[in-house]
file protein-v3.csv (CSV, C-alpha atoms)
chain,number,residue,atom,x,y,z
F,295,MET,CA,2.1,2.1,-29.1
F,296,LYS,CA,0.4,3.4,-25.9
F,297,ARG,CA,-2.1,1.0,-24.5
F,298,ILE,CA,-5.6,2.4,-23.9
F,299,THR,CA,-7.0,1.2,-20.6
F,300,ARG,CA,-10.6,1.2,-19.5
F,301,ARG,CA,-11.4,3.6,-16.7
F,302,ASP,CA,-13.9,2.8,-14.0
F,303,LYS,CA,-16.6,5.3,-13.0
F,304,LEU,CA,-14.6,6.5,-10.0
F,305,LYS,CA,-11.7,7.5,-12.2
F,306,ILE,CA,-14.1,9.2,-14.7
F,307,TYR,CA,-15.8,11.2,-11.9
F,308,GLY,CA,-12.4,12.2,-10.6
F,309,ASP,CA,-11.2,13.3,-14.1
F,310,LEU,CA,-14.5,15.1,-14.7
F,311,LEU,CA,-14.3,17.0,-11.4
F,312,SER,CA,-10.7,17.8,-12.1
F,313,ALA,CA,-11.5,19.2,-15.5
F,314,LEU,CA,-14.5,21.2,-14.2
F,315,ASP,CA,-12.4,22.7,-11.5
F,316,ALA,CA,-9.7,23.6,-14.0
F,317,GLU,CA,-12.3,25.4,-16.1
F,318,ALA,CA,-13.9,27.1,-13.1
F,319,ASN,CA,-12.1,30.4,-13.8
F,320,ALA,CA,-13.5,30.7,-17.3
F,321,ASP,CA,-16.7,32.9,-17.7
F,322,LYS,CA,-18.6,29.9,-18.9
F,323,ILE,CA,-17.6,26.2,-18.8
F,324,VAL,CA,-17.6,24.9,-22.4
F,325,LEU,CA,-18.7,21.3,-22.3
F,326,THR,CA,-17.0,20.2,-25.5
F,327,ARG,CA,-13.7,21.4,-24.0
F,328,VAL,CA,-14.4,19.3,-20.9
F,329,GLN,CA,-15.4,16.4,-23.2
F,330,VAL,CA,-12.1,16.5,-25.0
F,331,LYS,CA,-10.1,16.8,-21.8
F,332,ILE,CA,-11.7,13.7,-20.2
F,333,ASN,CA,-12.2,11.8,-23.4
F,334,VAL,CA,-15.8,10.5,-23.1
F,335,PRO,CA,-18.8,10.7,-25.6
F,336,PHE,CA,-21.0,13.8,-25.2
F,337,ASP,CA,-24.1,11.9,-24.2
F,338,ARG,CA,-22.2,10.0,-21.5
F,339,LEU,CA,-20.7,13.3,-20.3
F,340,LYS,CA,-24.2,14.6,-19.8
F,341,CYS,CA,-25.1,11.5,-17.8
F,342,TYR,CA,-22.0,11.8,-15.6
F,343,ILE,CA,-22.8,15.5,-15.0
F,344,SER,CA,-26.3,14.7,-13.8
F,345,GLU,CA,-24.9,11.9,-11.6
F,346,LEU,CA,-22.4,14.3,-10.1
F,347,TYR,CA,-25.3,16.7,-9.4
F,348,GLU,CA,-27.3,14.0,-7.7
F,349,LEU,CA,-24.3,13.2,-5.5
F,350,GLY,CA,-24.0,16.8,-4.5
F,351,LEU,CA,-20.6,17.2,-6.0
F,352,ILE,CA,-21.5,20.2,-8.3
F,353,GLN,CA,-23.7,23.1,-7.4
F,354,ASP,CA,-26.0,22.9,-10.4
F,355,GLN,CA,-26.1,21.6,-14.0
F,356,GLU,CA,-25.9,25.0,-15.6
F,357,SER,CA,-22.9,26.7,-14.0
F,358,LEU,CA,-21.2,23.3,-13.3
F,359,LYS,CA,-19.3,24.9,-10.4
F,360,LEU,CA,-18.0,22.4,-7.9
F,361,SER,CA,-19.9,22.4,-4.5
F,362,LYS,CA,-18.0,22.4,-1.2
F,363,LYS,CA,-18.4,18.6,-1.1
F,364,GLY,CA,-17.1,18.3,-4.6
F,365,LYS,CA,-14.0,20.4,-3.8
F,366,GLN,CA,-13.3,18.3,-0.7
F,367,TYR,CA,-13.8,15.1,-2.7
F,368,LEU,CA,-11.5,16.2,-5.5
F,369,LYS,CA,-8.8,17.3,-3.0
F,370,GLU,CA,-8.9,13.9,-1.3
F,371,TYR,CA,-9.1,12.0,-4.6
F,372,GLU,CA,-6.0,13.8,-5.9
F,373,LYS,CA,-4.1,13.3,-2.7
F,374,VAL,CA,-4.9,9.5,-2.7
F,375,LEU,CA,-3.9,9.3,-6.4
F,376,GLU,CA,-0.6,11.1,-5.6
F,377,PHE,CA,0.0,8.7,-2.7
F,378,MET,CA,-0.6,5.7,-4.9
F,379,LYS,CA,1.8,7.1,-7.5
F,380,ARG,CA,4.4,7.7,-4.8
F,381,MET,CA,3.8,4.1,-3.5
F,382,GLY,CA,4.5,2.8,-7.0
F,383,LEU,CA,0.9,1.6,-7.4
F,384,THR,CA,-1.0,1.8,-10.6
F,385,TYR,CA,-4.7,2.7,-10.6
F,386,GLN,CA,-6.5,2.0,-13.8
N,295,MET,CA,21.1,-3.0,27.9
N,296,TYR,CA,21.3,-4.6,24.4
N,297,ASP,CA,18.0,-6.4,24.7
N,298,GLU,CA,16.4,-3.1,25.9
N,299,ALA,CA,17.6,-1.4,22.8
N,300,ARG,CA,16.3,-4.1,20.6
N,301,ILE,CA,12.9,-4.1,22.3
N,302,THR,CA,12.7,-0.3,21.9
N,303,VAL,CA,13.4,-0.6,18.2
N,304,GLU,CA,10.8,-3.3,17.8
N,305,ILE,CA,8.2,-1.2,19.7
N,306,VAL,CA,9.0,1.9,17.6
N,307,SER,CA,8.8,-0.2,14.4
N,308,ALA,CA,5.4,-1.6,15.5
N,309,VAL,CA,4.1,1.9,16.3
N,310,ILE,CA,5.2,3.3,12.9
N,311,CYS,CA,3.6,0.3,11.1
N,312,PHE,CA,0.3,0.9,12.8
N,313,ILE,CA,0.4,4.6,12.0
N,314,LEU,CA,1.1,3.6,8.3
N,315,VAL,CA,-2.0,1.4,8.2
N,316,ARG,CA,-4.0,4.6,8.6
N,317,PHE,CA,-2.5,5.9,5.3
N,318,MET,CA,-2.3,2.6,3.5
N,319,ILE,CA,-6.0,2.0,3.8
N,320,LYS,CA,-6.8,5.2,1.8
N,321,PRO,CA,-6.3,3.7,-1.7
N,322,TYR,CA,-8.8,1.0,-0.7
N,323,GLY,CA,-11.1,3.6,0.9
N,324,LEU,CA,-11.2,5.6,-2.4
N,325,THR,CA,-11.4,2.8,-4.9
N,326,ARG,CA,-13.1,0.0,-2.8
N,327,GLU,CA,-11.0,-2.4,-4.8
N,328,GLY,CA,-9.9,-5.5,-2.8
N,329,ARG,CA,-6.5,-5.6,-4.5
N,330,TYR,CA,-5.4,-2.6,-2.5
N,331,LEU,CA,-6.3,-4.3,0.8
N,332,GLY,CA,-3.0,-6.0,0.8
N,333,LEU,CA,-1.3,-2.7,1.7
N,334,PRO,CA,-3.0,-2.0,5.0
N,335,LEU,CA,-3.1,-5.7,5.9
N,336,GLY,CA,0.6,-6.0,5.1
N,337,PHE,CA,1.6,-3.2,7.4
N,338,ALA,CA,-0.9,-4.3,10.1
N,339,PHE,CA,0.7,-7.8,10.1
N,340,LEU,CA,4.1,-6.3,10.0
N,341,GLY,CA,3.3,-4.1,13.0
N,342,THR,CA,1.8,-7.1,14.8
N,343,SER,CA,5.0,-9.2,14.2
N,344,TYR,CA,7.2,-6.4,15.5
N,345,ALA,CA,4.9,-5.9,18.5
N,346,ILE,CA,5.1,-9.6,19.5
N,347,VAL,CA,9.0,-9.8,19.4
N,348,PRO,CA,9.5,-7.9,22.7
N,349,PHE,CA,7.1,-10.3,24.4
N,350,VAL,CA,9.1,-13.3,23.1
N,351,TYR,CA,12.5,-11.8,24.1
N,352,SER,CA,11.4,-10.6,27.5
N,353,LYS,CA,10.1,-14.2,28.1
N,354,LEU,CA,6.5,-12.9,28.7
N,355,LEU,CA,5.4,-15.2,25.9
N,356,ALA,CA,6.0,-18.9,25.9
N,357,GLN,CA,9.2,-19.8,24.0
N,358,GLU,CA,7.2,-22.3,22.0
N,359,LEU,CA,5.6,-19.3,20.2
N,360,ILE,CA,9.0,-18.0,18.9
N,361,TRP,CA,7.8,-18.8,15.4
N,362,LEU,CA,4.8,-16.5,15.6
N,363,PRO,CA,6.6,-13.2,14.6
N,364,LEU,CA,8.3,-14.8,11.6
N,365,LEU,CA,5.1,-16.4,10.4
N,366,ILE,CA,3.1,-13.1,10.6
N,367,ARG,CA,6.0,-11.1,9.1
N,368,THR,CA,6.2,-13.5,6.1
N,369,PHE,CA,2.5,-13.2,5.5
N,370,ALA,CA,2.8,-9.4,5.8
N,371,PHE,CA,5.4,-9.4,3.0
N,372,VAL,CA,3.3,-11.7,0.9
N,373,PHE,CA,0.3,-9.4,1.3
N,374,LEU,CA,2.4,-6.4,0.2
N,375,ALA,CA,3.9,-8.3,-2.8
N,376,THR,CA,0.4,-9.5,-3.9
N,377,THR,CA,-0.9,-5.9,-3.9
N,378,TYR,CA,1.9,-4.8,-6.2
N,379,PHE,CA,1.4,-7.9,-8.3
N,380,PHE,CA,-2.2,-7.2,-8.9
N,381,SER,CA,-2.0,-3.4,-9.1
N,382,LYS,CA,-1.0,-3.3,-12.7
N,383,ARG,CA,-3.6,-5.8,-13.9
N,384,SER,CA,-7.0,-4.7,-15.1
N,385,SER,CA,-9.4,-4.8,-12.2
N,386,LYS,CA,-12.2,-6.2,-14.4
N,387,ASN,CA,-10.2,-9.3,-15.3
N,388,THR,CA,-8.5,-10.1,-12.1
N,389,ARG,CA,-11.1,-9.3,-9.5
N,390,ILE,CA,-11.9,-13.0,-8.8
N,391,LEU,CA,-8.2,-13.9,-8.8
N,392,TRP,CA,-7.2,-11.3,-6.2
N,393,ASN,CA,-10.3,-12.2,-4.0
N,394,ILE,CA,-9.3,-15.9,-4.1
N,395,THR,CA,-5.6,-15.1,-3.4
N,396,TYR,CA,-6.4,-12.9,-0.4
N,397,SER,CA,-8.9,-15.4,0.9
N,398,LEU,CA,-6.4,-18.2,0.6
N,399,LEU,CA,-3.7,-16.1,2.4
N,400,ILE,CA,-6.1,-15.4,5.3
N,401,VAL,CA,-7.1,-19.1,5.5
N,402,GLY,CA,-3.4,-20.2,5.2
N,403,LEU,CA,-2.3,-17.8,8.0
N,404,THR,CA,-5.2,-18.9,10.3
N,405,THR,CA,-4.5,-22.6,9.7
N,406,LEU,CA,-0.8,-22.3,10.3
N,407,PHE,CA,-1.6,-20.2,13.4
N,408,LEU,CA,-4.0,-22.8,14.8
N,409,VAL,CA,-1.6,-25.7,14.0
N,410,GLY,CA,1.2,-23.7,15.8
N,411,ILE,CA,-1.0,-23.2,18.8
N,412,THR,CA,-2.3,-26.8,19.1
N,413,HIS,CA,1.0,-28.5,18.2
N,414,PRO,CA,3.7,-26.2,19.6
N,415,GLN,CA,6.5,-28.9,19.6
N,416,PHE,CA,5.9,-29.8,16.0
N,417,THR,CA,5.9,-26.1,15.0
N,418,LEU,CA,9.0,-25.4,16.9
N,419,GLN,CA,10.9,-28.3,15.2
N,420,THR,CA,9.7,-27.1,11.8
N,421,TYR,CA,10.6,-23.5,12.7
N,422,PHE,CA,14.2,-24.3,13.4
N,423,GLY,CA,14.5,-26.4,10.2
N,424,SER,CA,12.8,-24.0,7.9
N,425,GLN,CA,13.4,-20.5,9.2
N,426,LEU,CA,16.4,-19.9,6.9
N,427,TYR,CA,14.3,-20.7,3.8
N,428,ILE,CA,11.4,-18.5,5.1
N,429,ARG,CA,13.8,-15.6,5.6
N,430,ILE,CA,15.1,-16.1,2.0
N,431,PHE,CA,11.5,-16.1,0.8
N,432,ASN,CA,11.0,-12.7,2.7
N,433,VAL,CA,14.0,-11.2,0.9
N,434,VAL,CA,12.6,-12.4,-2.4
N,435,CYS,CA,9.2,-10.8,-1.7
N,436,LEU,CA,10.7,-7.5,-0.7
N,437,SER,CA,13.1,-7.6,-3.7
N,438,TYR,CA,10.2,-8.1,-6.0
N,439,ILE,CA,8.4,-5.0,-4.5
N,440,ALA,CA,11.6,-3.0,-4.7
N,441,ILE,CA,12.2,-3.8,-8.3
N,442,TYR,CA,8.5,-3.2,-9.2
N,443,THR,CA,8.5,0.2,-7.6
N,444,LEU,CA,11.9,1.1,-9.0
N,445,LYS,CA,10.6,0.2,-12.5
N,446,GLU,CA,7.6,2.5,-12.0
N,447,HIS,CA,9.9,5.2,-11.0
N,448,VAL,CA,12.2,4.7,-14.0
N,449,LYS,CA,9.1,4.7,-16.3
N,450,GLU,CA,8.0,8.2,-15.0
N,451,PRO,CA,11.0,9.7,-13.2
N,452,ASP,CA,9.9,12.0,-10.5
N,453,PRO,CA,11.9,13.0,-7.3
N,454,THR,CA,8.9,12.1,-5.2
N,455,THR,CA,8.6,8.5,-6.4
N,456,ILE,CA,12.2,7.4,-5.6
N,457,TRP,CA,11.7,7.2,-1.8
N,458,ILE,CA,9.3,4.3,-1.7
N,459,PRO,CA,11.6,1.9,-3.7
N,460,LEU,CA,14.4,3.1,-1.4
N,461,GLY,CA,12.3,2.2,1.6
N,462,PHE,CA,11.6,-1.3,0.2
N,463,ILE,CA,15.3,-1.8,-0.7
N,464,LEU,CA,16.2,-0.9,2.9
N,465,LEU,CA,13.6,-3.4,4.2
N,466,ALA,CA,15.0,-6.0,1.8
N,467,ILE,CA,18.6,-5.4,3.0
N,468,SER,CA,17.4,-5.5,6.5
N,469,GLN,CA,15.9,-9.0,6.0
N,470,TYR,CA,19.0,-10.1,4.1
N,471,SER,CA,21.1,-8.9,7.1
N,472,LEU,CA,18.9,-11.0,9.4
N,473,LEU,CA,20.0,-14.1,7.4
N,474,PHE,CA,23.6,-13.5,8.5
N,475,TRP,CA,22.5,-12.9,12.1
N,476,TYR,CA,20.6,-16.3,11.9
N,477,LEU,CA,23.7,-18.0,10.4
N,478,ASP,CA,26.5,-16.6,12.7
N,479,SER,CA,24.7,-14.6,15.4
N,480,SER,CA,26.6,-11.6,14.3
N,481,LEU,CA,25.8,-8.6,16.4
N,482,ALA,CA,26.7,-6.2,13.6
N,483,ALA,CA,24.2,-8.0,11.3
N,484,LEU,CA,21.4,-7.7,13.8
N,485,THR,CA,22.2,-4.0,14.6
N,486,GLY,CA,22.4,-3.2,10.8
N,487,SER,CA,19.2,-5.0,10.2
N,488,LEU,CA,17.3,-3.1,12.9
N,489,THR,CA,18.7,0.2,11.8
N,490,LEU,CA,17.9,-0.3,8.1
N,491,ARG,CA,14.4,-1.5,8.9
N,492,LEU,CA,13.8,1.6,11.1
N,493,ALA,CA,15.2,3.8,8.3
N,494,GLY,CA,12.9,2.1,5.7
N,495,LEU,CA,9.8,2.5,7.9
N,496,ILE,CA,10.6,6.2,8.6
N,497,ILE,CA,10.8,6.8,4.9
N,498,PHE,CA,7.3,5.3,4.4
N,499,LEU,CA,6.0,7.5,7.2
N,500,LEU,CA,7.6,10.7,5.9
N,501,VAL,CA,6.3,10.0,2.3
N,502,SER,CA,2.8,9.4,3.7
N,503,TYR,CA,2.9,12.5,5.9
N,504,GLN,CA,4.2,14.6,3.1
N,505,THR,CA,1.5,13.5,0.7
N,506,PHE,CA,-1.4,14.0,3.0
N,507,TYR,CA,-0.4,16.8,5.3
N,508,SER,CA,1.9,19.1,3.3
N,509,PRO,CA,0.2,22.0,1.6
N,510,TRP,CA,-1.3,20.5,-1.5
N,511,LYS,CA,-0.2,21.7,-4.9
N,512,ARG,CA,-2.1,20.5,-7.9
N,513,THR,CA,-0.2,19.1,-10.8
N,514,ASP,CA,-1.9,19.8,-14.1
N,515,LYS,CA,-2.3,16.6,-16.1

call {"tool": "encode", "arguments": {"input": "protein-v3.csv", "output": "C-alpha cells"}}
result
Amino acid sequence: MKRITRRDKLKIYGDLLSALDAEANADKIVLTRVQVKINVPFDRLKCYISELYELGLIQDQESLKLSKKGKQYLKEYEKVLEFMKRMGLTYQ
Amino acid sequence: MYDEARITVEIVSAVICFILVRFMIKPYGLTREGRYLGLPLGFAFLGTSYAIVPFVYSKLLAQELIWLPLLIRTFAFVFLATTYFFSKRSSKNTRILWNITYSLLIVGLTTLFLVGITHPQFTLQTYFGSQLYIRIFNVVCLSYIAIYTLKEHVKEPDPTTIWIPLGFILLAISQYSLLFWYLDSSLAALTGSLTLRLAGLIIFLLVSYQTFYSPWKRTDK
C-alpha cells in the first residue's frame, strides 16, 4: 500500500502553482479540477490561492494566471526538485 | 613532477567542490530545512580538505598538521551521509534530531581541530595509529550513500538518476584505493584513487550544470 505523506506548505504552493500553470491554456481555470490535481480540501485551496496572491505569485484571484514572479518561482522550484531527485534526495 | 601532478589534481578537486557548494545549497535555499545543510557543508569541507593537501605536500604547512585533511574529509563524508540518512524521514518528526546531529558534528569537528592545534604531538601519534580505521570509516560512509542513491534509482528508474550513485561509487572506490596506498605505498593505487575521485566530482558537476543550465523541459506529474 502506498504511504501517504504530509506535505508542507512549500510543497503545496509548488504543486498549486504547477497545476495553475498547467491549466493556464484553458479558457477558464476550473478550481475543482485544480483541487483534484493537488488533493486539498476546497476551503483550504481558497486560502492558499489568496496567500499566493498576497505573495505576488499570481496576477489576481479571478483569472488565477501566474505572475512573472510566480513563473520564475515555479521554474526555480521545479529545477531544485529535479536536482534533488537526481541527487537521490527525497523531499516530503 | 609526480608531486606537481598530485597537487594539480588536489587543486582541481577543491575548485570543483567549491563550485558544487553553489548548487548543493539550493535544496536548503528552497526548503529552509536544516537536514539539507549537510550537502553544501559536506562539499565545502571536502573542498577544504583537498585545498589543504597541496600545502602539506609542498611543506608550506607544518608536518604536524598532516592529520588536518583526513579529519576534515571524514567530517565531510559524515555530513553527506547524515543528509541522506535524514532525507527520507518526515521533517516534522526528525527536525530536533537532525539539528542535534549537525550541532554535535560541528562541535566535534571544532573540538578535534582545537585539540589537534594545541597538542600536535598527541594528534600526530593518534593519526598514525588510527588513519587506517578512519579511511575504512570513510569508505563505509560513501558506500552507504552510494547504496542509498542506487536504491532510489532502482525505485524509480530514470536515466538521469543513475549518474549520482555512479559518482558516489567512484568516490567510494577512490577512498578504498587510498587504503592500499596507505598499506603498501603503491603508486598505482594513489593514481587510481586520484583519477576516480576526479571522475566522480566531474560527474557531480555535470549533473548539476545539466539540471540548472540546460534548457528546462517540464515533466508532467

call {"tool": "residues_around", "arguments": {"input": "protein-v3.csv", "residues": "F:Tyr342", "least_positions_apart": "3", "cutoff": "12 Å", "atoms": "all atoms listed in the file", "output": "PyMOL selection string"}}
result
chain F and resi 303-311+328-329+332+334-339+345-349+351-352+355+358

call {"tool": "residues_around", "arguments": {"input": "protein-v3.csv", "residues": "stretch 327-329 of chain N", "least_positions_apart": "5", "cutoff": "10 Å", "atoms": "only C-alpha atoms", "output": "short mmCIF file (atom, residue, chain, number, x, y, z; two decimals) with C-alpha atoms, keeping the file's coordinate frame"}}
result
data_model
loop_
_atom_site.label_atom_id
_atom_site.label_comp_id
_atom_site.auth_asym_id
_atom_site.auth_seq_id
_atom_site.Cartn_x
_atom_site.Cartn_y
_atom_site.Cartn_z
CA TYR F 385 -4.70 2.70 -10.60
CA PRO N 321 -6.30 3.70 -1.70
CA TYR N 322 -8.80 1.00 -0.70
CA PHE N 373 0.30 -9.40 1.30
CA THR N 376 0.40 -9.50 -3.90
CA THR N 377 -0.90 -5.90 -3.90
CA TYR N 378 1.90 -4.80 -6.20
CA PHE N 379 1.40 -7.90 -8.30
CA PHE N 380 -2.20 -7.20 -8.90
CA SER N 381 -2.00 -3.40 -9.10
CA ARG N 383 -3.60 -5.80 -13.90
CA SER N 385 -9.40 -4.80 -12.20
CA THR N 388 -8.50 -10.10 -12.10
CA ARG N 389 -11.10 -9.30 -9.50
CA ILE N 390 -11.90 -13.00 -8.80
CA LEU N 391 -8.20 -13.90 -8.80
CA TRP N 392 -7.20 -11.30 -6.20
CA ASN N 393 -10.30 -12.20 -4.00
CA THR N 395 -5.60 -15.10 -3.40
CA TYR N 396 -6.40 -12.90 -0.40
#

call {"tool": "atom_distance", "arguments": {"input": "protein-v3.csv", "atom1": "atom CA of N:Leu481", "atom2": "atom CA of N:Ile441"}}
result
28.6 Å

call {"tool": "residues_around", "arguments": {"input": "protein-v3.csv", "residues": "stretch 411-425 of chain N", "least_positions_apart": "3", "cutoff": "10 Å", "atoms": "only C-alpha atoms", "output": "ChimeraX atom specification"}}
result
/N:356-362,364-365,405-408,428-431,473,476

call {"tool": "interface_residues", "arguments": {"input": "protein-v3.csv", "of": "chain F", "to": "chain N", "cutoff": "10 Å", "atoms": "all atoms listed in the file", "output": "ChimeraX atom specification"}}
result
/F:299-305,309,312-313,316,331,367,369-386

call {"tool": "residues_around", "arguments": {"input": "protein-v3.csv", "residues": "N:Leu488", "least_positions_apart": "5", "cutoff": "12 Å", "atoms": "all atoms listed in the file", "output": "ChimeraX atom specification"}}
result
/N:299-307,344,464-472,475,481-483,493-495

call {"tool": "atom_distance", "arguments": {"input": "protein-v3.csv", "atom1": "atom CA of N:Cys435", "atom2": "atom CA of N:Ala375"}}
result
6.0 Å
